[in-house]
Amino acid sequence: MRLSVMVLSVLLLMSGYVHATQYLVKIDARAGQNLQVIELIDGYALLVADDGMLQEFGEKRTEYVILDENPIDKLYLFVFPLSEDVKNIARLGRIIDNYEECVLIATAPDNVRLLNRLQVELQQLTLKPIVRRDLDYYDFDDFPVTRDTLIEQMLKEVDPENIMNIVWTLQNMYTRFSMSDSNRIVAVNYIDSMLIAYGCDSVYRHSFSSLYGDNVVGIRIGEYYPTTQYYVLIGGHLDDVPDYGYAPGADDNASGVAAMLEAARVMGNYDFERTIRFAAFNAEEQGLIGSDYLAAEASSEDDTIIAALCYDMIGHVTAPLLDTMRLRYTTAVPGCSLFACDFYQTVADTYAQLKIRPVRYTGTSGSSDHASFWQHGYVSTGGIERVLCPGYHTIGDSIGPTGFNDIEFATEVIRTAIAVLATIAVPIDSGVAVSELSTFESSPLFVVRPNPGERFDISFSIDNESENIDLVVYDCMGRLVQRLASGRYHRGGYSCRWGGNSADGAEVTPGVYFVTLSFEGRTERRKIVVFDWP
């Protein structure tokens with residue numbers, strides 16, 4: 001009998017029917033520096049621990065609090081009450097911890113819609129370890145803030161009427177609730193088409209869940225850095241609430257989407273050294289879900305996001321705070337404090353009339369999409385009005401006194417956002433160059449014709465006695481398509497043809513490509529468009 005019990009126990013363990021207990025645990029943040037922490041908040045670290053870890057905490061005399069048992073497959077939400085009575089939140093979930101600005105609840109998925117009807121903001125606790133980065137590109141001294149005539153010209157092109165038209169169009173979609181067809185089809189198609197019309201080199205829909213509408217992302221390829229994995233990002237969430245009936249969402253968050261789209265429109269008329277991404281996040285109201293997926297994908301691809309600028313509710317002001325925006329940042333991400341308190345502030349002082357009130361966080365939690373990028377170790381800020389509109393999360397959030405009530409304030413926020421983006425991305429011929437790039441003292445002949453086309457004739461010349469050259473075609477994702485020439489070439493003129501095919505001979509898909517001619521430490525690039533003529 002004893003042997004049978006032992007065999008049965010082994011079989012149960014092997015088949016997964018017996019699990020060691022896991023715990024959602026809170027410890028001091030300093031004690032969690034070398035652990036797989038899933039959240040930093042109010043000086044604490046949250047993590048998933050087992051009995052062995054708890055024993056180790058005891059041996060090291062690390063104080064801990066068990067918040068819940070068996071957290072896997074449970075839904076946890078940080079709920080930021082705003083003006084809501086916490087008793088109403090407790091009816092929709094079990095409160096397992098309290099923090100300075102929010103409570104942590106365990107709840108059922110069906111309760112998320114009901115929570116959206118309250119005066120609250122949500123962030124889902126995903127149980128995924130946060131990402132810690134220590135990257136040298138967070139030195140914002142590399143982006144000198146000096147008055148630039150090209151940036152000044154861009155800011156003159158910001159159009160309050162166009163901003164208002166975007167907000168009006170989004171408001172009149174009846175609802176943009178993330179699970180509605182109006183979101184999935186109408187809103188997503190509108191943003192997609194606008195990014196294309198505004199000159200993005202590529203636009204894609206980032207599908208992350210069958211429950212919700214897609215994220216929409218437009219990409220402007222940098223002329224000196226033709227890669228989509230090194231960029232600055234601007235974004236705002238496109239979805240709104242409530243989940244039933246008319247949901248205009250003018251301030252929350254047609255205003256943030258308008259900031260992103262107006263930046264794409266204005267900056268579409270200029271070339272930049274670095275790549276820019278324009279993003280509309282979905283399912284923010286359900287706990288920052290779309291932006292979390294987008295930031296996680298960037299992290300898994302090892303993308304370098306110099307900074308992610310997120311805007312959520314930038315169209316309502318209340319006297320006397322008519323010219324001040326809150327800017328959320330965190331000390332938990334290297335470089336974020338410097339970016340928000342010094343760099344962003346300096347750009348605002350240089351180009352705009354907007355006053356900045358930095359709001360300091362010490363962890364990776366937050367009530368809007370900027371927190372998703374904090375979770376993955378990226379510098380990010382969240383721009384938001386000082387006092388939330390009275391129509392927040394109701395039918396009253398429309399263009400008017402209880403919703404989007406001040407186009408002048410929204411315009412100034414957007415002008416500042418464009419100035420920050422452009423300062424980092426560096427407009428071409430601005431007189432501000434990145435130190436690691438050198439240019440030709442006398443540019444060689446380098447011509448690609450026709451453009452656009454199906455096949456391209458490429459010519460270049462060598463002025464020196466001889467040069468090592470590399471002539472390469474890249475796609476808009478920065479991936480090598482075909483190497484056309486490489487080696488040492490002597491003084492003279494040369495030409496070759498690219499037939500619109502990859503190295504293995506397959507025809508490339510129509511779109512934007514880059515022909516890059518590299519000499520010894522010097523580079524020139526030509527952006528070309530491959531068409532598929534009928």
# chains A, B, ... in the order shown; residues from 1 in each chain; ligands from 1
$ closest_atom_pairs --of "segment 377-453 of chain A" --to "segment 97-117 of chain A" --cutoff "12 Å" --atoms "only C-alpha atoms" --output "Markdown table"
| residue | atom | partner | partner_atom | distance |
| --- | --- | --- | --- | --- |
| A:Gly391 | CA | A:Arg117 | CA | 11.8 |
| A:Tyr392 | CA | A:Arg117 | CA | 9.8 |
| A:His393 | CA | A:Arg117 | CA | 6.6 |
| A:Thr394 | CA | A:Arg117 | CA | 7.8 |
| A:Ile395 | CA | A:Arg117 | CA | 11.0 |
$ residues_around --residues "segment 55-58 of chain A" --least-positions-apart "2" --cutoff "12 Å" --atoms "only C-alpha atoms" --output "list in words"
Val25, Lys26, Ile27, Asp28, Ala31, Gly32, Leu35, Ala49, Asp50, Asp51, Gly52, Met53, Lys60, Arg61, Thr62, Glu63, Tyr64 and Val65 of chain A
$ atom_distance --atom1 "atom CA of Leu354 of chain A" --atom2 "atom CA of Met260 of chain A"
17.6 Å
$ select_by_dssp --residues "segment 108-303 of chain A" --states "helix (DSSP H, G or I)" --output "PyMOL selection string"
chain A and resi 111-116+136-138+140-142+149-156+160-171+181-197+250-267+289-300
$ residues_around --residues "Leu150 of chain A" --least-positions-apart "3" --cutoff "9 Å" --atoms "only C-alpha atoms" --output "list in words"
Gln153, Met154, Leu155, Tyr270, Pro427, Ile428, Asp429 and Ser430 of chain A
$ write_last_selection --atoms "all heavy atoms" --output "PDB file, in the first residue's frame"
ATOM      1  N   GLN A 153       9.619  76.832 -37.348  1.00  0.00           N
ATOM      2  CA  GLN A 153       8.710  76.802 -38.489  1.00  0.00           C
ATOM      3  C   GLN A 153       7.641  75.719 -38.297  1.00  0.00           C
ATOM      4  O   GLN A 153       6.465  75.936 -38.600  1.00  0.00           O
ATOM      5  CB  GLN A 153       9.489  76.546 -39.784  1.00  0.00           C
ATOM      6  CG  GLN A 153       8.630  76.489 -41.041  1.00  0.00           C
ATOM      7  CD  GLN A 153       7.858  77.763 -41.280  1.00  0.00           C
ATOM      8  OE1 GLN A 153       8.367  78.860 -41.054  1.00  0.00           O
ATOM      9  NE2 GLN A 153       6.608  77.624 -41.711  1.00  0.00           N
ATOM     10  N   MET A 154       8.045  74.568 -37.799  1.00  0.00           N
ATOM     11  CA  MET A 154       7.062  73.504 -37.531  1.00  0.00           C
ATOM     12  C   MET A 154       5.979  73.993 -36.579  1.00  0.00           C
ATOM     13  O   MET A 154       4.781  73.751 -36.801  1.00  0.00           O
ATOM     14  CB  MET A 154       7.758  72.291 -36.898  1.00  0.00           C
ATOM     15  CG  MET A 154       8.669  71.520 -37.805  1.00  0.00           C
ATOM     16  SD  MET A 154       9.455  70.178 -36.873  1.00  0.00           S
ATOM     17  CE  MET A 154      11.021  70.084 -37.735  1.00  0.00           C
ATOM     18  N   LEU A 155       6.377  74.671 -35.520  1.00  0.00           N
ATOM     19  CA  LEU A 155       5.421  75.083 -34.502  1.00  0.00           C
ATOM     20  C   LEU A 155       4.432  76.106 -35.046  1.00  0.00           C
ATOM     21  O   LEU A 155       3.282  76.169 -34.596  1.00  0.00           O
ATOM     22  CB  LEU A 155       6.153  75.626 -33.281  1.00  0.00           C
ATOM     23  CG  LEU A 155       7.160  74.662 -32.631  1.00  0.00           C
ATOM     24  CD1 LEU A 155       7.679  75.227 -31.318  1.00  0.00           C
ATOM     25  CD2 LEU A 155       6.540  73.300 -32.404  1.00  0.00           C
ATOM     26  N   TYR A 270       8.835  67.333 -43.065  1.00  0.00           N
ATOM     27  CA  TYR A 270      10.260  67.510 -42.771  1.00  0.00           C
ATOM     28  C   TYR A 270      10.949  66.148 -42.703  1.00  0.00           C
ATOM     29  O   TYR A 270      10.308  65.130 -42.477  1.00  0.00           O
ATOM     30  CB  TYR A 270      10.439  68.240 -41.428  1.00  0.00           C
ATOM     31  CG  TYR A 270       9.844  69.627 -41.407  1.00  0.00           C
ATOM     32  CD1 TYR A 270       8.498  69.804 -41.114  1.00  0.00           C
ATOM     33  CD2 TYR A 270      10.614  70.747 -41.682  1.00  0.00           C
ATOM     34  CE1 TYR A 270       7.928  71.072 -41.095  1.00  0.00           C
ATOM     35  CE2 TYR A 270      10.062  72.028 -41.663  1.00  0.00           C
ATOM     36  CZ  TYR A 270       8.715  72.183 -41.374  1.00  0.00           C
ATOM     37  OH  TYR A 270       8.166  73.434 -41.366  1.00  0.00           O
ATOM     38  N   PRO A 427      15.800  67.652 -36.970  1.00  0.00           N
ATOM     39  CA  PRO A 427      15.448  67.940 -38.362  1.00  0.00           C
ATOM     40  C   PRO A 427      16.696  68.120 -39.216  1.00  0.00           C
ATOM     41  O   PRO A 427      17.691  68.685 -38.772  1.00  0.00           O
ATOM     42  CB  PRO A 427      14.627  69.232 -38.265  1.00  0.00           C
ATOM     43  CG  PRO A 427      14.979  69.826 -36.941  1.00  0.00           C
ATOM     44  CD  PRO A 427      15.344  68.698 -36.039  1.00  0.00           C
ATOM     45  N   ILE A 428      16.647  67.617 -40.431  1.00  0.00           N
ATOM     46  CA  ILE A 428      17.792  67.712 -41.343  1.00  0.00           C
ATOM     47  C   ILE A 428      18.018  69.171 -41.727  1.00  0.00           C
ATOM     48  O   ILE A 428      17.086  69.941 -41.903  1.00  0.00           O
ATOM     49  CB  ILE A 428      17.543  66.863 -42.607  1.00  0.00           C
ATOM     50  CG1 ILE A 428      17.282  65.412 -42.220  1.00  0.00           C
ATOM     51  CG2 ILE A 428      18.719  66.967 -43.569  1.00  0.00           C
ATOM     52  CD1 ILE A 428      18.434  64.714 -41.561  1.00  0.00           C
ATOM     53  N   ASP A 429      19.308  69.522 -41.875  1.00  0.00           N
ATOM     54  CA  ASP A 429      19.730  70.881 -42.231  1.00  0.00           C
ATOM     55  C   ASP A 429      19.383  71.879 -41.141  1.00  0.00           C
ATOM     56  O   ASP A 429      19.191  73.061 -41.403  1.00  0.00           O
ATOM     57  CB  ASP A 429      19.109  71.343 -43.558  1.00  0.00           C
ATOM     58  CG  ASP A 429      19.522  70.464 -44.729  1.00  0.00           C
ATOM     59  OD1 ASP A 429      20.659  69.971 -44.724  1.00  0.00           O
ATOM     60  OD2 ASP A 429      18.702  70.280 -45.628  1.00  0.00           O
ATOM     61  N   SER A 430      19.302  71.396 -39.915  1.00  0.00           N
ATOM     62  CA  SER A 430      18.964  72.294 -38.819  1.00  0.00           C
ATOM     63  C   SER A 430      20.188  72.946 -38.198  1.00  0.00           C
ATOM     64  O   SER A 430      20.060  73.825 -37.359  1.00  0.00           O
ATOM     65  CB  SER A 430      18.235  71.519 -37.727  1.00  0.00           C
ATOM     66  OG  SER A 430      19.110  70.558 -37.153  1.00  0.00           O
TER      67      SER A 430
END
$ select_by_dssp --residues "segment 180-249 of chain A" --states "strand (DSSP E or B)" --output "PDB file with all heavy atoms, in the first residue's frame"
ATOM      1  N   SER A 202       5.504  53.972 -43.249  1.00  0.00           N
ATOM      2  CA  SER A 202       4.733  52.741 -43.129  1.00  0.00           C
ATOM      3  C   SER A 202       3.763  52.891 -41.967  1.00  0.00           C
ATOM      4  O   SER A 202       4.014  53.641 -41.022  1.00  0.00           O
ATOM      5  CB  SER A 202       5.641  51.526 -42.917  1.00  0.00           C
ATOM      6  OG  SER A 202       6.351  51.631 -41.686  1.00  0.00           O
ATOM      7  N   VAL A 203       2.641  52.194 -42.058  1.00  0.00           N
ATOM      8  CA  VAL A 203       1.629  52.181 -41.002  1.00  0.00           C
ATOM      9  C   VAL A 203       1.204  50.732 -40.794  1.00  0.00           C
ATOM     10  O   VAL A 203       0.985  50.007 -41.766  1.00  0.00           O
ATOM     11  CB  VAL A 203       0.400  53.043 -41.378  1.00  0.00           C
ATOM     12  CG1 VAL A 203      -0.655  52.965 -40.282  1.00  0.00           C
ATOM     13  CG2 VAL A 203       0.803  54.489 -41.635  1.00  0.00           C
ATOM     14  N   TYR A 204       1.142  50.312 -39.541  1.00  0.00           N
ATOM     15  CA  TYR A 204       0.706  48.943 -39.305  1.00  0.00           C
ATOM     16  C   TYR A 204      -0.259  48.892 -38.127  1.00  0.00           C
ATOM     17  O   TYR A 204      -0.273  49.777 -37.271  1.00  0.00           O
ATOM     18  CB  TYR A 204       1.884  48.003 -39.077  1.00  0.00           C
ATOM     19  CG  TYR A 204       2.599  48.142 -37.755  1.00  0.00           C
ATOM     20  CD1 TYR A 204       2.275  47.336 -36.671  1.00  0.00           C
ATOM     21  CD2 TYR A 204       3.637  49.069 -37.590  1.00  0.00           C
ATOM     22  CE1 TYR A 204       2.937  47.443 -35.463  1.00  0.00           C
ATOM     23  CE2 TYR A 204       4.308  49.183 -36.393  1.00  0.00           C
ATOM     24  CZ  TYR A 204       3.953  48.369 -35.327  1.00  0.00           C
ATOM     25  OH  TYR A 204       4.613  48.492 -34.130  1.00  0.00           O
ATOM     26  N   ARG A 205      -1.084  47.854 -38.138  1.00  0.00           N
ATOM     27  CA  ARG A 205      -2.028  47.623 -37.056  1.00  0.00           C
ATOM     28  C   ARG A 205      -1.468  46.512 -36.171  1.00  0.00           C
ATOM     29  O   ARG A 205      -1.202  45.408 -36.652  1.00  0.00           O
ATOM     30  CB  ARG A 205      -3.392  47.248 -37.621  1.00  0.00           C
ATOM     31  CG  ARG A 205      -3.953  48.326 -38.521  1.00  0.00           C
ATOM     32  CD  ARG A 205      -5.348  47.995 -39.007  1.00  0.00           C
ATOM     33  NE  ARG A 205      -5.812  48.990 -39.958  1.00  0.00           N
ATOM     34  CZ  ARG A 205      -7.059  49.074 -40.402  1.00  0.00           C
ATOM     35  NH1 ARG A 205      -7.962  48.200 -39.988  1.00  0.00           N
ATOM     36  NH2 ARG A 205      -7.396  50.012 -41.264  1.00  0.00           N
ATOM     37  N   HIS A 206      -1.325  46.832 -34.929  1.00  0.00           N
ATOM     38  CA  HIS A 206      -0.737  45.902 -33.972  1.00  0.00           C
ATOM     39  C   HIS A 206      -1.858  45.177 -33.251  1.00  0.00           C
ATOM     40  O   HIS A 206      -2.489  45.698 -32.339  1.00  0.00           O
ATOM     41  CB  HIS A 206       0.147  46.682 -32.988  1.00  0.00           C
ATOM     42  CG  HIS A 206       0.748  45.832 -31.924  1.00  0.00           C
ATOM     43  ND1 HIS A 206       0.548  46.060 -30.585  1.00  0.00           N
ATOM     44  CD2 HIS A 206       1.554  44.742 -31.989  1.00  0.00           C
ATOM     45  CE1 HIS A 206       1.192  45.157 -29.872  1.00  0.00           C
ATOM     46  NE2 HIS A 206       1.811  44.346 -30.696  1.00  0.00           N
ATOM     47  N   ASN A 215      -3.965  48.323 -31.814  1.00  0.00           N
ATOM     48  CA  ASN A 215      -3.144  49.527 -31.794  1.00  0.00           C
ATOM     49  C   ASN A 215      -2.846  49.913 -33.241  1.00  0.00           C
ATOM     50  O   ASN A 215      -2.816  49.059 -34.131  1.00  0.00           O
ATOM     51  CB  ASN A 215      -1.814  49.281 -31.078  1.00  0.00           C
ATOM     52  CG  ASN A 215      -1.973  48.916 -29.621  1.00  0.00           C
ATOM     53  OD1 ASN A 215      -2.851  49.422 -28.932  1.00  0.00           O
ATOM     54  ND2 ASN A 215      -1.114  48.022 -29.134  1.00  0.00           N
ATOM     55  N   VAL A 216      -2.605  51.194 -33.489  1.00  0.00           N
ATOM     56  CA  VAL A 216      -2.218  51.664 -34.817  1.00  0.00           C
ATOM     57  C   VAL A 216      -0.908  52.432 -34.679  1.00  0.00           C
ATOM     58  O   VAL A 216      -0.800  53.321 -33.823  1.00  0.00           O
ATOM     59  CB  VAL A 216      -3.285  52.566 -35.446  1.00  0.00           C
ATOM     60  CG1 VAL A 216      -2.919  52.905 -36.885  1.00  0.00           C
ATOM     61  CG2 VAL A 216      -4.666  51.903 -35.396  1.00  0.00           C
ATOM     62  N   VAL A 217       0.077  52.093 -35.517  1.00  0.00           N
ATOM     63  CA  VAL A 217       1.404  52.697 -35.403  1.00  0.00           C
ATOM     64  C   VAL A 217       1.871  53.172 -36.772  1.00  0.00           C
ATOM     65  O   VAL A 217       1.858  52.412 -37.740  1.00  0.00           O
ATOM     66  CB  VAL A 217       2.433  51.693 -34.826  1.00  0.00           C
ATOM     67  CG1 VAL A 217       3.803  52.366 -34.682  1.00  0.00           C
ATOM     68  CG2 VAL A 217       1.958  51.147 -33.490  1.00  0.00           C
ATOM     69  N   GLY A 218       2.262  54.433 -36.847  1.00  0.00           N
ATOM     70  CA  GLY A 218       2.879  54.986 -38.048  1.00  0.00           C
ATOM     71  C   GLY A 218       4.354  55.219 -37.815  1.00  0.00           C
ATOM     72  O   GLY A 218       4.774  55.576 -36.706  1.00  0.00           O
ATOM     73  N   ILE A 219       5.163  55.031 -38.857  1.00  0.00           N
ATOM     74  CA  ILE A 219       6.620  55.134 -38.730  1.00  0.00           C
ATOM     75  C   ILE A 219       7.154  56.122 -39.763  1.00  0.00           C
ATOM     76  O   ILE A 219       6.872  56.001 -40.961  1.00  0.00           O
ATOM     77  CB  ILE A 219       7.296  53.768 -38.917  1.00  0.00           C
ATOM     78  CG1 ILE A 219       6.766  52.761 -37.892  1.00  0.00           C
ATOM     79  CG2 ILE A 219       8.821  53.897 -38.805  1.00  0.00           C
ATOM     80  CD1 ILE A 219       7.285  51.347 -38.092  1.00  0.00           C
ATOM     81  N   ARG A 220       7.921  57.115 -39.291  1.00  0.00           N
ATOM     82  CA  ARG A 220       8.697  57.988 -40.163  1.00  0.00           C
ATOM     83  C   ARG A 220      10.166  57.591 -40.008  1.00  0.00           C
ATOM     84  O   ARG A 220      10.741  57.712 -38.943  1.00  0.00           O
ATOM     85  CB  ARG A 220       8.535  59.456 -39.770  1.00  0.00           C
ATOM     86  CG  ARG A 220       7.278  60.123 -40.263  1.00  0.00           C
ATOM     87  CD  ARG A 220       7.246  60.298 -41.780  1.00  0.00           C
ATOM     88  NE  ARG A 220       8.459  60.883 -42.303  1.00  0.00           N
ATOM     89  CZ  ARG A 220       8.723  62.179 -42.316  1.00  0.00           C
ATOM     90  NH1 ARG A 220       7.851  63.039 -41.813  1.00  0.00           N
ATOM     91  NH2 ARG A 220       9.857  62.636 -42.821  1.00  0.00           N
ATOM     92  N   TYR A 230      15.285  52.108 -33.418  1.00  0.00           N
ATOM     93  CA  TYR A 230      15.918  53.189 -32.672  1.00  0.00           C
ATOM     94  C   TYR A 230      15.092  54.433 -32.950  1.00  0.00           C
ATOM     95  O   TYR A 230      15.147  54.983 -34.043  1.00  0.00           O
ATOM     96  CB  TYR A 230      17.374  53.348 -33.129  1.00  0.00           C
ATOM     97  CG  TYR A 230      18.115  54.485 -32.478  1.00  0.00           C
ATOM     98  CD1 TYR A 230      18.208  54.581 -31.094  1.00  0.00           C
ATOM     99  CD2 TYR A 230      18.740  55.462 -33.246  1.00  0.00           C
ATOM    100  CE1 TYR A 230      18.893  55.619 -30.496  1.00  0.00           C
ATOM    101  CE2 TYR A 230      19.441  56.507 -32.654  1.00  0.00           C
ATOM    102  CZ  TYR A 230      19.512  56.583 -31.282  1.00  0.00           C
ATOM    103  OH  TYR A 230      20.185  57.618 -30.682  1.00  0.00           O
ATOM    104  N   TYR A 231      14.296  54.875 -31.965  1.00  0.00           N
ATOM    105  CA  TYR A 231      13.309  55.890 -32.292  1.00  0.00           C
ATOM    106  C   TYR A 231      12.813  56.619 -31.047  1.00  0.00           C
ATOM    107  O   TYR A 231      13.033  56.206 -29.910  1.00  0.00           O
ATOM    108  CB  TYR A 231      12.115  55.252 -33.013  1.00  0.00           C
ATOM    109  CG  TYR A 231      11.487  54.071 -32.307  1.00  0.00           C
ATOM    110  CD1 TYR A 231      10.444  54.230 -31.394  1.00  0.00           C
ATOM    111  CD2 TYR A 231      11.938  52.770 -32.549  1.00  0.00           C
ATOM    112  CE1 TYR A 231       9.876  53.147 -30.756  1.00  0.00           C
ATOM    113  CE2 TYR A 231      11.368  51.673 -31.910  1.00  0.00           C
ATOM    114  CZ  TYR A 231      10.337  51.866 -31.012  1.00  0.00           C
ATOM    115  OH  TYR A 231       9.777  50.786 -30.374  1.00  0.00           O
ATOM    116  N   VAL A 232      12.119  57.711 -31.306  1.00  0.00           N
ATOM    117  CA  VAL A 232      11.351  58.423 -30.291  1.00  0.00           C
ATOM    118  C   VAL A 232       9.885  58.231 -30.640  1.00  0.00           C
ATOM    119  O   VAL A 232       9.523  58.137 -31.819  1.00  0.00           O
ATOM    120  CB  VAL A 232      11.744  59.909 -30.244  1.00  0.00           C
ATOM    121  CG1 VAL A 232      11.548  60.580 -31.590  1.00  0.00           C
ATOM    122  CG2 VAL A 232      10.951  60.654 -29.168  1.00  0.00           C
ATOM    123  N   LEU A 233       9.031  58.131 -29.617  1.00  0.00           N
ATOM    124  CA  LEU A 233       7.621  57.780 -29.828  1.00  0.00           C
ATOM    125  C   LEU A 233       6.700  58.814 -29.196  1.00  0.00           C
ATOM    126  O   LEU A 233       6.979  59.327 -28.113  1.00  0.00           O
ATOM    127  CB  LEU A 233       7.342  56.393 -29.242  1.00  0.00           C
ATOM    128  CG  LEU A 233       5.923  55.834 -29.345  1.00  0.00           C
ATOM    129  CD1 LEU A 233       5.975  54.319 -29.529  1.00  0.00           C
ATOM    130  CD2 LEU A 233       5.095  56.174 -28.092  1.00  0.00           C
ATOM    131  N   ILE A 234       5.599  59.096 -29.891  1.00  0.00           N
ATOM    132  CA  ILE A 234       4.520  59.884 -29.315  1.00  0.00           C
ATOM    133  C   ILE A 234       3.228  59.082 -29.459  1.00  0.00           C
ATOM    134  O   ILE A 234       3.006  58.444 -30.495  1.00  0.00           O
ATOM    135  CB  ILE A 234       4.378  61.269 -29.982  1.00  0.00           C
ATOM    136  CG1 ILE A 234       3.237  62.070 -29.319  1.00  0.00           C
ATOM    137  CG2 ILE A 234       4.159  61.150 -31.489  1.00  0.00           C
ATOM    138  CD1 ILE A 234       3.157  63.516 -29.767  1.00  0.00           C
ATOM    139  N   GLY A 235       2.385  59.098 -28.414  1.00  0.00           N
ATOM    140  CA  GLY A 235       1.176  58.290 -28.481  1.00  0.00           C
ATOM    141  C   GLY A 235       0.101  58.744 -27.515  1.00  0.00           C
ATOM    142  O   GLY A 235       0.342  59.546 -26.598  1.00  0.00           O
ATOM    143  N   GLY A 236      -1.087  58.218 -27.739  1.00  0.00           N
ATOM    144  CA  GLY A 236      -2.225  58.434 -26.858  1.00  0.00           C
ATOM    145  C   GLY A 236      -3.234  57.331 -27.115  1.00  0.00           C
ATOM    146  O   GLY A 236      -3.251  56.738 -28.198  1.00  0.00           O
ATOM    147  N   HIS A 237      -4.090  57.052 -26.141  1.00  0.00           N
ATOM    148  CA  HIS A 237      -5.029  55.937 -26.323  1.00  0.00           C
ATOM    149  C   HIS A 237      -6.271  56.404 -27.079  1.00  0.00           C
ATOM    150  O   HIS A 237      -6.809  57.486 -26.829  1.00  0.00           O
ATOM    151  CB  HIS A 237      -5.371  55.275 -24.993  1.00  0.00           C
ATOM    152  CG  HIS A 237      -6.277  56.046 -24.087  1.00  0.00           C
ATOM    153  ND1 HIS A 237      -7.653  55.952 -24.142  1.00  0.00           N
ATOM    154  CD2 HIS A 237      -6.004  56.901 -23.066  1.00  0.00           C
ATOM    155  CE1 HIS A 237      -8.190  56.718 -23.207  1.00  0.00           C
ATOM    156  NE2 HIS A 237      -7.217  57.314 -22.538  1.00  0.00           N
TER     157      HIS A 237
END
$ residues_around --residues "Gly487 of chain A" --least-positions-apart "2" --cutoff "9 Å" --atoms "only C-alpha atoms" --output "ChimeraX atom specification"
/A:467-470,485,489
$ write_last_selection --atoms "C-alpha atoms" --output "PDB file, in the first residue's frame"
ATOM      1  CA  GLU A 467      38.002  54.110 -51.204  1.00  0.00           C
ATOM      2  CA  ASN A 468      36.467  51.111 -49.463  1.00  0.00           C
ATOM      3  CA  ILE A 469      32.768  51.333 -50.254  1.00  0.00           C
ATOM      4  CA  ASP A 470      29.626  49.449 -49.343  1.00  0.00           C
ATOM      5  CA  ALA A 485      28.667  46.484 -54.222  1.00  0.00           C
ATOM      6  CA  TYR A 489      37.092  51.144 -55.664  1.00  0.00           C
TER       7      TYR A 489
END
$ closest_residue --among "A:Tyr378, A:Tyr174, A:Phe140, A:Tyr212" --to "Asn282 of chain A" --atoms "only C-alpha atoms"
A:Tyr212
$ closest_residue --among "A:Asn405, A:Phe272, A:Trp168, A:Val48" --to "Thr423 of chain A" --atoms "only C-alpha atoms"
A:Phe272
$ closest_residue --among "A:Glu284, A:Lys87, A:Pro129, A:Gln229" --to "Arg176 of chain A" --atoms "only C-alpha atoms"
A:Glu284
$ closest_residue --among "A:Pro242, A:Gly396, A:Gly366, A:Pro390" --to "Phe78 of chain A" --atoms "only C-alpha atoms"
A:Gly366
